[in-house]
file target_30.csv (CSV, C-alpha atoms and all ligand atoms)
chain,number,residue,atom,x,y,z
A,1,MET,CA,-6.0,-35.3,-12.3
A,2,PRO,CA,-3.0,-33.1,-12.6
A,3,SER,CA,0.2,-34.5,-11.2
A,4,ASN,CA,1.6,-32.6,-8.3
A,5,ASN,CA,5.2,-33.7,-8.3
A,6,GLY,CA,6.4,-31.8,-11.3
A,7,SER,CA,6.4,-34.8,-13.6
A,8,ASP,CA,4.5,-32.8,-16.2
A,9,GLY,CA,7.3,-30.2,-16.1
A,10,PHE,CA,5.5,-27.7,-13.9
A,11,PRO,CA,6.5,-27.2,-10.3
A,12,SER,CA,3.8,-26.8,-7.7
A,13,ALA,CA,3.1,-23.3,-6.4
A,14,LEU,CA,2.5,-23.3,-2.7
A,15,LYS,CA,0.8,-20.2,-1.3
A,16,LEU,CA,1.5,-18.4,2.0
A,17,LEU,CA,-0.3,-15.3,3.1
A,18,ILE,CA,1.2,-12.4,5.1
A,19,ALA,CA,-1.6,-10.5,6.8
A,20,GLY,CA,-2.1,-7.8,9.3
A,21,GLY,CA,-3.1,-4.2,9.6
A,22,PHE,CA,-2.1,-1.3,7.5
A,23,GLY,CA,1.6,-0.4,7.9
A,24,VAL,CA,2.4,-3.4,10.1
A,25,GLY,CA,5.3,-4.5,7.8
A,26,LYS,CA,3.7,-7.0,5.4
A,27,THR,CA,5.5,-5.6,2.3
A,28,THR,CA,8.7,-5.3,4.2
A,29,PHE,CA,8.4,-9.0,5.3
A,30,VAL,CA,7.7,-10.2,1.8
A,31,GLY,CA,10.7,-8.2,0.5
A,32,SER,CA,13.0,-9.7,3.2
A,33,VAL,CA,12.3,-13.3,2.5
A,34,SER,CA,11.8,-13.2,-1.3
A,35,GLU,CA,14.4,-14.3,-3.7
A,36,ILE,CA,13.1,-11.7,-6.2
A,37,GLU,CA,12.4,-8.1,-5.8
A,38,PRO,CA,8.8,-8.1,-4.5
A,39,LEU,CA,6.3,-7.8,-7.3
A,40,ARG,CA,2.9,-6.2,-7.2
A,41,THR,CA,-0.3,-7.5,-8.7
A,42,GLU,CA,-3.6,-5.7,-8.8
A,43,GLU,CA,-7.1,-6.9,-8.9
A,44,LEU,CA,-9.8,-4.8,-10.4
A,45,LEU,CA,-12.3,-3.4,-8.0
A,46,THR,CA,-15.8,-3.9,-9.0
A,47,THR,CA,-17.2,-1.2,-6.7
A,48,ALA,CA,-15.8,2.2,-6.0
A,49,SER,CA,-14.0,2.1,-2.7
A,50,VAL,CA,-14.7,4.5,0.1
A,51,GLY,CA,-13.2,5.1,3.5
A,52,THR,CA,-9.8,6.2,4.7
A,53,ASP,CA,-6.9,4.4,6.2
A,54,ARG,CA,-6.0,5.0,9.7
A,55,LEU,CA,-2.6,6.5,9.8
A,56,THR,CA,-2.0,6.8,13.5
A,57,GLY,CA,1.4,5.5,14.4
A,58,VAL,CA,2.3,4.7,10.9
A,59,GLU,CA,5.5,6.3,9.8
A,60,GLN,CA,6.7,7.2,6.4
A,61,LYS,CA,3.6,6.0,4.7
A,62,SER,CA,1.4,8.3,2.6
A,63,THR,CA,-0.3,6.1,0.0
A,64,THR,CA,-1.8,2.7,-0.3
A,65,THR,CA,-2.9,0.9,-3.4
A,66,VAL,CA,-5.4,-1.9,-4.0
A,67,ALA,CA,-2.6,-4.3,-4.7
A,68,MET,CA,-1.0,-7.4,-3.4
A,69,ASP,CA,2.7,-7.5,-3.0
A,70,PHE,CA,4.2,-10.9,-3.5
A,71,GLY,CA,7.5,-12.7,-3.5
A,72,ARG,CA,8.9,-16.1,-4.3
A,73,ILE,CA,11.1,-18.7,-2.7
A,74,THR,CA,12.2,-21.6,-4.8
A,75,ILE,CA,12.2,-24.7,-2.6
A,76,SER,CA,13.2,-27.4,-5.1
A,77,ARG,CA,12.7,-28.3,-8.7
A,78,ASP,CA,9.1,-29.4,-7.7
A,79,HIS,CA,8.0,-26.7,-5.3
A,80,VAL,CA,7.9,-22.9,-5.2
A,81,LEU,CA,6.6,-20.9,-2.4
A,82,TYR,CA,4.7,-17.7,-3.2
A,83,LEU,CA,4.1,-15.2,-0.4
A,84,PHE,CA,1.3,-12.7,-0.8
A,85,GLY,CA,0.9,-9.7,1.4
A,86,THR,CA,-2.8,-9.3,1.8
A,87,PRO,CA,-4.3,-5.8,1.4
A,88,GLY,CA,-4.7,-4.5,5.0
A,89,GLN,CA,-8.0,-2.7,4.7
A,90,GLU,CA,-11.1,-4.6,5.6
A,91,ARG,CA,-12.9,-3.2,2.6
A,92,PHE,CA,-10.7,-5.3,0.4
A,93,TRP,CA,-11.7,-8.6,2.0
A,94,PHE,CA,-13.2,-9.9,-1.1
A,95,MET,CA,-9.6,-10.2,-2.3
A,96,TRP,CA,-8.7,-12.1,0.8
A,97,ASP,CA,-11.4,-14.7,-0.1
A,98,GLU,CA,-9.8,-15.2,-3.5
A,99,LEU,CA,-6.3,-15.2,-2.1
A,100,SER,CA,-6.9,-17.6,0.7
A,101,GLY,CA,-8.2,-20.4,-1.5
A,102,GLY,CA,-5.7,-23.2,-1.4
A,103,ALA,CA,-3.4,-21.3,0.9
A,104,MET,CA,-1.0,-23.4,2.9
A,105,GLY,CA,-0.9,-21.2,5.9
A,106,ALA,CA,-0.5,-17.6,7.0
A,107,VAL,CA,1.6,-15.2,9.1
A,108,VAL,CA,-0.4,-12.6,10.9
A,109,LEU,CA,1.9,-9.6,11.7
A,110,ALA,CA,1.1,-7.6,14.8
A,111,ASP,CA,2.3,-4.2,15.9
A,112,THR,CA,2.2,-3.8,19.7
A,113,ARG,CA,1.3,-0.2,19.3
A,114,ARG,CA,-1.9,-1.1,17.5
A,115,LEU,CA,-2.5,-4.6,18.5
A,116,ALA,CA,-6.2,-4.6,17.7
A,117,ASP,CA,-5.4,-4.1,14.0
A,118,CYS,CA,-4.6,-7.7,13.6
A,119,PHE,CA,-7.9,-9.0,15.1
A,120,PRO,CA,-9.7,-9.1,11.7
A,121,ALA,CA,-6.9,-11.2,10.2
A,122,VAL,CA,-6.9,-13.6,13.2
A,123,ASP,CA,-10.7,-13.9,12.9
A,124,PHE,CA,-10.6,-14.4,9.2
A,125,PHE,CA,-8.1,-17.3,9.3
A,126,GLU,CA,-9.8,-18.9,12.3
A,127,SER,CA,-13.1,-18.8,10.5
A,128,ARG,CA,-11.7,-20.2,7.2
A,129,GLY,CA,-9.7,-23.0,9.0
A,130,ILE,CA,-6.4,-21.6,7.6
A,131,ARG,CA,-3.6,-22.4,9.9
A,132,PHE,CA,-1.5,-19.4,11.0
A,133,LEU,CA,0.9,-18.0,13.6
A,134,VAL,CA,1.2,-14.5,14.9
A,135,ALA,CA,4.5,-12.7,14.5
A,136,VAL,CA,5.0,-9.6,16.6
A,137,ASN,CA,6.9,-7.1,14.4
A,138,GLU,CA,9.2,-5.1,16.6
A,139,PHE,CA,9.1,-1.4,15.9
A,140,ASP,CA,11.6,0.8,17.7
A,141,SER,CA,9.1,2.9,19.5
A,142,GLY,CA,7.0,-0.1,20.6
A,143,ILE,CA,7.2,-1.5,24.0
A,144,ARG,CA,8.5,-5.0,24.1
A,145,TYR,CA,5.9,-7.2,25.8
A,146,GLU,CA,6.1,-10.8,27.0
A,147,LEU,CA,4.7,-13.1,24.4
A,148,ASP,CA,2.4,-14.7,27.0
A,149,ASP,CA,0.9,-11.3,27.8
A,150,LEU,CA,0.4,-10.7,24.1
A,151,ARG,CA,-1.2,-14.1,23.7
A,152,SER,CA,-3.8,-13.2,26.3
A,153,ALA,CA,-4.3,-9.7,24.9
A,154,LEU,CA,-5.0,-11.2,21.5
A,155,ASP,CA,-7.1,-14.0,23.0
A,156,LEU,CA,-5.2,-16.5,21.0
A,157,LYS,CA,-5.9,-20.2,21.3
A,158,PRO,CA,-3.1,-22.0,23.1
A,159,ASP,CA,-2.1,-24.0,20.0
A,160,ILE,CA,-1.4,-20.9,17.9
A,161,PRO,CA,2.3,-20.0,18.0
A,162,ILE,CA,3.3,-16.4,18.7
A,163,VAL,CA,6.8,-15.2,17.9
A,164,HIS,CA,8.8,-12.0,17.8
A,165,CYS,CA,10.2,-10.8,14.5
A,166,ASP,CA,11.9,-8.0,12.7
A,167,ALA,CA,10.3,-7.9,9.3
A,168,ARG,CA,13.3,-6.0,7.9
A,169,ASP,CA,15.7,-8.7,8.7
A,170,GLN,CA,16.0,-11.7,6.3
A,171,ARG,CA,17.0,-14.2,9.0
A,172,SER,CA,14.3,-13.1,11.4
A,173,ALA,CA,11.6,-13.2,8.8
A,174,THR,CA,12.8,-16.5,7.3
A,175,GLY,CA,12.7,-17.9,10.9
A,176,VAL,CA,9.1,-16.9,11.2
A,177,LEU,CA,8.3,-19.0,8.0
A,178,ILE,CA,10.2,-22.0,9.5
A,179,SER,CA,8.1,-21.6,12.7
A,180,LEU,CA,5.0,-21.6,10.6
A,181,MET,CA,6.1,-24.8,8.8
A,182,HIS,CA,6.8,-26.5,12.1
A,183,HIS,CA,3.3,-25.4,13.2
A,184,LEU,CA,1.8,-26.9,10.0
A,185,LEU,CA,3.7,-30.1,10.6
A,186,ALA,CA,2.5,-30.3,14.2
A,187,SER,CA,-1.1,-29.6,13.7
A,188,GLN,CA,-3.6,-31.6,11.8
A,189,ALA,CA,-4.9,-30.2,8.6
A,190,PRO,CA,-8.5,-28.9,9.3
A,191,ARG,CA,-10.0,-30.7,6.3
B,1,MET,CA,-18.4,4.6,-20.7
B,2,ARG,CA,-16.7,7.8,-19.7
B,3,ILE,CA,-13.2,7.5,-18.3
B,4,SER,CA,-12.1,10.2,-15.9
B,5,GLU,CA,-8.4,10.5,-15.1
B,6,THR,CA,-8.6,12.3,-11.9
B,7,ASP,CA,-5.4,11.2,-10.3
B,8,ASP,CA,-2.3,9.5,-11.5
B,9,ASP,CA,-2.7,6.1,-9.8
B,10,ASN,CA,-6.4,5.7,-9.5
B,11,TRP,CA,-8.9,6.2,-12.2
B,12,PHE,CA,-12.4,6.1,-10.8
B,13,ASP,CA,-15.7,6.1,-12.4
B,14,ASP,CA,-18.7,6.3,-10.1
B,15,ALA,CA,-20.4,3.3,-11.6
B,16,ALA,CA,-17.6,1.1,-12.5
B,17,GLY,CA,-14.9,1.7,-9.9
B,18,ARG,CA,-11.3,1.6,-11.0
B,19,LEU,CA,-10.7,2.2,-14.7
B,20,ILE,CA,-8.9,1.2,-17.1
B,21,ARG,CA,-6.5,1.4,-20.0
B,22,PRO,CA,-6.5,-2.4,-19.5
B,23,TYR,CA,-9.9,-2.7,-21.0
B,24,THR,CA,-8.4,-1.6,-24.3
B,25,VAL,CA,-5.7,-4.3,-23.9
B,26,SER,CA,-8.3,-7.0,-23.2
B,27,ASN,CA,-10.6,-5.6,-25.9
B,28,GLY,CA,-13.3,-5.0,-23.3
B,29,ARG,CA,-13.4,-8.6,-22.2
B,30,THR,CA,-13.6,-9.3,-18.5
B,31,GLU,CA,-13.3,-13.1,-18.5
B,32,PRO,CA,-10.4,-15.2,-19.6
B,33,SER,CA,-11.4,-18.0,-22.0
B,34,ILE,CA,-9.9,-20.7,-19.8
B,35,ARG,CA,-9.7,-20.9,-16.0
B,36,MET,CA,-6.6,-19.2,-14.7
B,37,GLU,CA,-5.5,-18.3,-11.2
B,38,LEU,CA,-2.8,-16.1,-9.9
B,39,LEU,CA,-0.7,-19.2,-9.3
B,40,SER,CA,-1.5,-20.9,-12.5
B,41,MET,CA,1.8,-21.9,-14.1
B,42,VAL,CA,2.6,-21.0,-17.7
B,43,ILE,CA,5.4,-21.7,-20.1
B,44,ALA,CA,5.8,-20.9,-23.8
B,45,THR,CA,5.5,-24.0,-26.1
B,46,GLY,CA,7.8,-22.5,-28.7
B,47,ARG,CA,5.0,-22.4,-31.2
B,48,ARG,CA,4.4,-18.9,-32.4
B,49,PRO,CA,0.8,-18.3,-33.3
B,50,HIS,CA,0.0,-17.6,-37.0
B,51,GLY,CA,-0.6,-14.1,-37.9
B,52,HIS,CA,0.4,-10.9,-36.2
B,53,LEU,CA,0.5,-10.8,-32.4
B,54,GLY,CA,-0.4,-7.5,-30.9
B,55,PRO,CA,2.1,-5.8,-28.6
B,56,ASP,CA,0.4,-6.9,-25.4
B,57,HIS,CA,0.2,-10.6,-26.4
B,58,SER,CA,3.7,-10.5,-27.7
B,59,GLN,CA,5.1,-9.0,-24.5
B,60,ALA,CA,3.2,-11.6,-22.4
B,61,LEU,CA,4.5,-14.4,-24.5
B,62,ASP,CA,8.1,-13.1,-24.2
B,63,LEU,CA,7.7,-13.3,-20.4
B,64,CYS,CA,6.8,-17.0,-20.6
B,65,SER,CA,10.2,-18.3,-21.9
B,66,GLY,CA,10.7,-20.1,-18.6
B,67,VAL,CA,8.1,-21.6,-16.2
B,68,THR,CA,6.4,-18.8,-14.4
B,69,THR,CA,3.0,-17.8,-12.9
B,70,VAL,CA,0.1,-15.6,-14.0
B,71,ALA,CA,0.9,-13.4,-11.0
B,72,GLU,CA,4.4,-12.7,-12.1
B,73,ILE,CA,3.4,-12.0,-15.6
B,74,ALA,CA,0.7,-9.6,-14.5
B,75,ALA,CA,3.2,-7.8,-12.3
B,76,ARG,CA,5.8,-7.5,-15.0
B,77,LEU,CA,3.3,-6.3,-17.5
B,78,ARG,CA,1.9,-3.9,-14.9
B,79,LEU,CA,-1.6,-5.0,-15.8
B,80,PRO,CA,-4.4,-6.1,-13.5
B,81,ALA,CA,-4.4,-9.9,-12.9
B,82,VAL,CA,-7.6,-10.4,-14.8
B,83,VAL,CA,-6.2,-8.7,-17.9
B,84,ALA,CA,-3.1,-10.8,-17.8
B,85,LYS,CA,-5.3,-13.9,-17.5
B,86,ILE,CA,-7.2,-12.8,-20.6
B,87,LEU,CA,-3.9,-12.4,-22.6
B,88,LEU,CA,-2.5,-15.7,-21.4
B,89,SER,CA,-5.7,-17.6,-22.0
B,90,ASP,CA,-5.6,-16.3,-25.6
B,91,LEU,CA,-2.1,-17.5,-26.0
B,92,ALA,CA,-3.0,-20.8,-24.5
B,93,GLY,CA,-5.9,-21.1,-27.0
B,94,TRP,CA,-3.5,-20.4,-29.9
B,95,GLY,CA,-1.1,-23.1,-28.6
B,96,ALA,CA,1.6,-20.6,-27.8
B,97,VAL,CA,1.7,-21.4,-24.1
B,98,ASP,CA,1.0,-24.4,-21.9
B,99,THR,CA,-0.7,-23.7,-18.6
B,100,ARG,CA,-1.6,-25.6,-15.5
B,101,ALA,CA,-4.0,-24.4,-12.8
B,102,PRO,CA,-2.8,-24.9,-9.2
B,103,ASP,CA,-3.9,-28.2,-7.7
B,104,PRO,CA,-6.6,-27.4,-5.1
B,105,MET,CA,-5.5,-30.4,-3.1
B,106,ALA,CA,-1.8,-29.3,-3.3
B,107,ASP,CA,0.8,-30.7,-1.0
B,108,ASN,CA,-0.2,-28.2,1.7
B,109,SER,CA,-0.1,-30.7,4.5
B,110,ASN,CA,2.2,-33.3,3.2
B,111,PRO,CA,4.9,-33.9,5.9
B,112,ALA,CA,7.6,-34.7,3.4
B,113,VAL,CA,6.9,-31.4,1.5
B,114,LEU,CA,6.9,-29.5,4.8
B,115,GLU,CA,10.2,-31.0,5.7
B,116,THR,CA,11.7,-30.1,2.4
B,117,ILE,CA,10.5,-26.5,2.8
B,118,ILE,CA,12.0,-26.3,6.3
B,119,TYR,CA,15.3,-27.7,4.9
B,120,ALA,CA,15.3,-25.2,2.1
B,121,LEU,CA,14.4,-22.3,4.3
B,122,LYS,CA,17.2,-23.2,6.8
B,123,GLN,CA,19.7,-23.0,3.9
B,124,ARG,CA,18.6,-19.4,3.5
B,125,LEU,CA,19.4,-18.4,7.1
C,201,LIG,N1,11.3,-0.2,13.0
C,201,LIG,C1,10.7,-1.1,12.2
C,201,LIG,N2,10.1,-0.6,11.1
C,201,LIG,C2,9.5,-1.4,10.2
C,201,LIG,C3,9.5,-2.8,10.5
C,201,LIG,N3,8.8,-3.4,9.5
C,201,LIG,C4,8.4,-2.5,8.7
C,201,LIG,N4,8.8,-1.3,9.1
C,201,LIG,C5,8.5,0.0,8.5
C,201,LIG,O1,7.1,0.3,8.6
C,201,LIG,C6,6.6,0.9,7.5
C,201,LIG,C7,5.4,0.1,6.9
C,201,LIG,O2,5.9,-1.1,6.4
C,201,LIG,P1,5.2,-1.9,5.2
C,201,LIG,O3,5.9,-3.1,5.0
C,201,LIG,O4,5.0,-1.0,4.1
C,201,LIG,O5,3.7,-2.2,5.8
C,201,LIG,P2,2.5,-2.9,5.1
C,201,LIG,O6,1.4,-1.8,5.0
C,201,LIG,O7,2.0,-3.9,6.2
C,201,LIG,O8,2.9,-3.5,3.9
C,201,LIG,C8,7.7,1.0,6.5
C,201,LIG,O9,8.2,2.3,6.6
C,201,LIG,C9,8.8,0.0,7.0
C,201,LIG,O10,10.1,0.4,6.7
C,201,LIG,C10,10.2,-3.3,11.6
C,201,LIG,O11,10.3,-4.5,11.9
C,201,LIG,N5,10.8,-2.4,12.5
C,202,MG,MG,2.2,-3.1,1.9
call {"tool": "encode", "arguments": {"input": "target_30.csv", "output": "structure tokens", "more": "lines below"}}
Ligand SMILES: Nc1nc2c(ncn2[C@@H]2O[C@H](COP(=O)(O)OP(=O)(O)O)[C@@H](O)[C@H]2O)c(=O)[nH]1
Ligand SMILES: [Mg+2]
result
Amino acid sequence: MPSNNGSDGFPSALKLLIAGGFGVGKTTFVGSVSEIEPLRTEELLTTASVGTDRLTGVEQKSTTTVAMDFGRITISRDHVLYLFGTPGQERFWFMWDELSGGAMGAVVLADTRRLADCFPAVDFFESRGIRFLVAVNEFDSGIRYELDDLRSALDLKPDIPIVHCDARDQRSATGVLISLMHHLLASQAPR
Amino acid sequence: MRISETDDDNWFDDAAGRLIRPYTVSNGRTEPSIRMELLSMVIATGRRPHGHLGPDHSQALDLCSGVTTVAEIAARLRLPAVVAKILLSDLAGWGAVDTRAPDPMADNSNPAVLETIIYALKQRL
């Protein structure tokens, strides 16, 4: 049984997932909180992918890759957080399966202009018993809604936190992670 | 296998999907010889394998001078994760790197760990 306290010289990697629809700000979020420039890792697709991305309301975005952006936050000598931005398109969900194994928790980013885009992520984490919160990323052109209204629009269970954030802002995005940790502390692990 | 380079970023083959200079790197292998995950930790042991290391193995080994993860090495090599896993599992087999898979029962719900994380994150605000 491998030790988990770094006594064999290796720190423990703890995994967080940053999920949500295409263009919602996942990569931006990872870049804001990471201590390194976000890195990108690719998994090989085993089948040719088809389908197109919806681009409605998505600014300055012309390409997407089958890749996961990730960043790192060193917590202590013994613990390192890794944050993976999950590929937004549902056709890449086989990668979510692999990524979500052993995940500590998740942030689901939502864009009020395209709220429904985060439903698949909410459903996914609920069905896997992965604890998460919803962070509403504030785009300039979006209307600012009351969180309670968003909670009912998303049909979120009462115990799932919902917070505002600006994914571009380091303090704001780090605050979302702190909220997630408080949520993990407050809620019983599902297993 | 015919490889068609139809566009800069994505090489597609109808049967095989995305293709693949990486298959050359990995010698056509698709499975690492030991279990490795994106968050498996690796570090060089300081033992240089006997004989000549190819450029890809050599580059991968150079990236392991401090404790790091498979994901970071794959990203820095700009190779798909599975290919990086193959290179690193070779290096592990030759005794050039030590590796540890992530603990599936990691400290995910340990209150002391969560408090430590909260403390460290607040330092970053
Ligand atoms: N106004 C505003 N723009 C944002 C915010 N977060 C991300 N963006 C922009 O939205 C676009 C898509 O973000 P990106 O992080 O690539 O989305 P991803 O597809 O979820 O990874 C980029 O042009 C970002 O600069 C935000 O909080 N506010
Ligand atoms: Mg992205």
call {"tool": "atom_distance", "arguments": {"input": "target_30.csv", "atom1": "atom CA of A:Ser179", "atom2": "atom CA of A:Ile162"}}
result
9.3 Å
call {"tool": "closest_residue", "arguments": {"input": "target_30.csv", "among": "A:Glu138, A:Asp149, A:Glu126, A:Glu42", "to": "A:Phe29", "atoms": "only C-alpha atoms"}}
result
A:Glu138
call {"tool": "closest_atom_pairs", "arguments": {"input": "target_30.csv", "of": "chain B", "to": "chain A", "cutoff": "6 Å", "atoms": "all atoms listed in the file", "output": "JSON lines"}}
result
{"residue": "B:Gly17", "atom": "CA", "partner": "A:Ala48", "partner_atom": "CA", "distance": 4.0}
{"residue": "B:Arg18", "atom": "CA", "partner": "A:Leu45", "partner_atom": "CA", "distance": 5.9}
{"residue": "B:Ala75", "atom": "CA", "partner": "A:Thr41", "partner_atom": "CA", "distance": 5.0}
{"residue": "B:Pro80", "atom": "CA", "partner": "A:Glu42", "partner_atom": "CA", "distance": 4.8}
{"residue": "B:Ala81", "atom": "CA", "partner": "A:Glu43", "partner_atom": "CA", "distance": 5.7}
{"residue": "B:Pro104", "atom": "CA", "partner": "A:Gly102", "partner_atom": "CA", "distance": 5.7}
{"residue": "B:Asn108", "atom": "CA", "partner": "A:Met104", "partner_atom": "CA", "distance": 5.0}
{"residue": "B:Ile117", "atom": "CA", "partner": "A:Ile75", "partner_atom": "CA", "distance": 5.9}
{"residue": "B:Ile118", "atom": "CA", "partner": "A:Ile178", "partner_atom": "CA", "distance": 5.7}
{"residue": "B:Ala120", "atom": "CA", "partner": "A:Ile75", "partner_atom": "CA", "distance": 5.7}
{"residue": "B:Leu125", "atom": "CA", "partner": "A:Arg171", "partner_atom": "CA", "distance": 5.2}
call {"tool": "write_last_selection", "arguments": {"input": "target_30.csv", "atoms": "C-alpha atoms", "output": "mmCIF file, in the coordinates of the input"}}
result
data_model
loop_
_atom_site.group_PDB
_atom_site.id
_atom_site.type_symbol
_atom_site.label_atom_id
_atom_site.label_comp_id
_atom_site.auth_asym_id
_atom_site.auth_seq_id
_atom_site.Cartn_x
_atom_site.Cartn_y
_atom_site.Cartn_z
ATOM 1 C CA GLY B 17 -14.900 1.700 -9.900
ATOM 2 C CA ARG B 18 -11.300 1.600 -11.000
ATOM 3 C CA ALA B 75 3.200 -7.800 -12.300
ATOM 4 C CA PRO B 80 -4.400 -6.100 -13.500
ATOM 5 C CA ALA B 81 -4.400 -9.900 -12.900
ATOM 6 C CA PRO B 104 -6.600 -27.400 -5.100
ATOM 7 C CA ASN B 108 -0.200 -28.200 1.700
ATOM 8 C CA ILE B 117 10.500 -26.500 2.800
ATOM 9 C CA ILE B 118 12.000 -26.300 6.300
ATOM 10 C CA ALA B 120 15.300 -25.200 2.100
ATOM 11 C CA LEU B 125 19.400 -18.400 7.100
#
call {"tool": "residues_near_ligand", "arguments": {"input": "target_30.csv", "ligand": "ligand LIG 201 (chain C)", "cutoff": "9 Å", "atoms": "all atoms listed in the file", "output": "ChimeraX atom specification"}}
result
/A:18-31,58-61,64,69,85-88,109,111,136-142,165-169
call {"tool": "atom_distance", "arguments": {"input": "target_30.csv", "atom1": "atom CA of B:Lys85", "atom2": "atom CA of A:Ser34"}}
result
23.6 Å
call {"tool": "atom_distance", "arguments": {"input": "target_30.csv", "atom1": "atom CA of B:Asn27", "atom2": "atom CA of B:Ile43"}}
result
23.4 Å
call {"tool": "residues_near_point", "arguments": {"input": "target_30.csv", "point": "(4.2, -9.0, 24.0)", "cutoff": "10 Å", "atoms": "only C-alpha atoms", "output": "PyMOL selection string"}}
result
chain A and resi 110-112+115+136+138+142-154+162-164
call {"tool": "residues_near_point", "arguments": {"input": "target_30.csv", "point": "(4.5, -10.9, -26.9)", "cutoff": "12 Å", "atoms": "only C-alpha atoms", "output": "ChimeraX atom specification"}}
result
/B:44,48-49,52-65,73,77,84,87-88,90-91,96-97
call {"tool": "write_last_selection", "arguments": {"input": "target_30.csv", "atoms": "C-alpha atoms", "output": "PDB file, in the frame of the given file"}}
result
ATOM      1  CA  ALA B  44       5.800 -20.900 -23.800  1.00  0.00           C
ATOM      2  CA  ARG B  48       4.400 -18.900 -32.400  1.00  0.00           C
ATOM      3  CA  PRO B  49       0.800 -18.300 -33.300  1.00  0.00           C
ATOM      4  CA  HIS B  52       0.400 -10.900 -36.200  1.00  0.00           C
ATOM      5  CA  LEU B  53       0.500 -10.800 -32.400  1.00  0.00           C
ATOM      6  CA  GLY B  54      -0.400  -7.500 -30.900  1.00  0.00           C
ATOM      7  CA  PRO B  55       2.100  -5.800 -28.600  1.00  0.00           C
ATOM      8  CA  ASP B  56       0.400  -6.900 -25.400  1.00  0.00           C
ATOM      9  CA  HIS B  57       0.200 -10.600 -26.400  1.00  0.00           C
ATOM     10  CA  SER B  58       3.700 -10.500 -27.700  1.00  0.00           C
ATOM     11  CA  GLN B  59       5.100  -9.000 -24.500  1.00  0.00           C
ATOM     12  CA  ALA B  60       3.200 -11.600 -22.400  1.00  0.00           C
ATOM     13  CA  LEU B  61       4.500 -14.400 -24.500  1.00  0.00           C
ATOM     14  CA  ASP B  62       8.100 -13.100 -24.200  1.00  0.00           C
ATOM     15  CA  LEU B  63       7.700 -13.300 -20.400  1.00  0.00           C
ATOM     16  CA  CYS B  64       6.800 -17.000 -20.600  1.00  0.00           C
ATOM     17  CA  SER B  65      10.200 -18.300 -21.900  1.00  0.00           C
ATOM     18  CA  ILE B  73       3.400 -12.000 -15.600  1.00  0.00           C
ATOM     19  CA  LEU B  77       3.300  -6.300 -17.500  1.00  0.00           C
ATOM     20  CA  ALA B  84      -3.100 -10.800 -17.800  1.00  0.00           C
ATOM     21  CA  LEU B  87      -3.900 -12.400 -22.600  1.00  0.00           C
ATOM     22  CA  LEU B  88      -2.500 -15.700 -21.400  1.00  0.00           C
ATOM     23  CA  ASP B  90      -5.600 -16.300 -25.600  1.00  0.00           C
ATOM     24  CA  LEU B  91      -2.100 -17.500 -26.000  1.00  0.00           C
ATOM     25  CA  ALA B  96       1.600 -20.600 -27.800  1.00  0.00           C
ATOM     26  CA  VAL B  97       1.700 -21.400 -24.100  1.00  0.00           C
TER      27      VAL B  97
END
call {"tool": "closest_residue", "arguments": {"input": "target_30.csv", "among": "A:Val107, A:Asp155, A:Asp97, A:Arg77", "to": "A:Ser127", "atoms": "all atoms listed in the file"}}
result
A:Asp97
call {"tool": "closest_residue", "arguments": {"input": "target_30.csv", "among": "B:Thr99, B:Asp107, B:Ala112, B:Gly51", "to": "B:Glu37", "atoms": "all atoms listed in the file"}}
result
B:Thr99
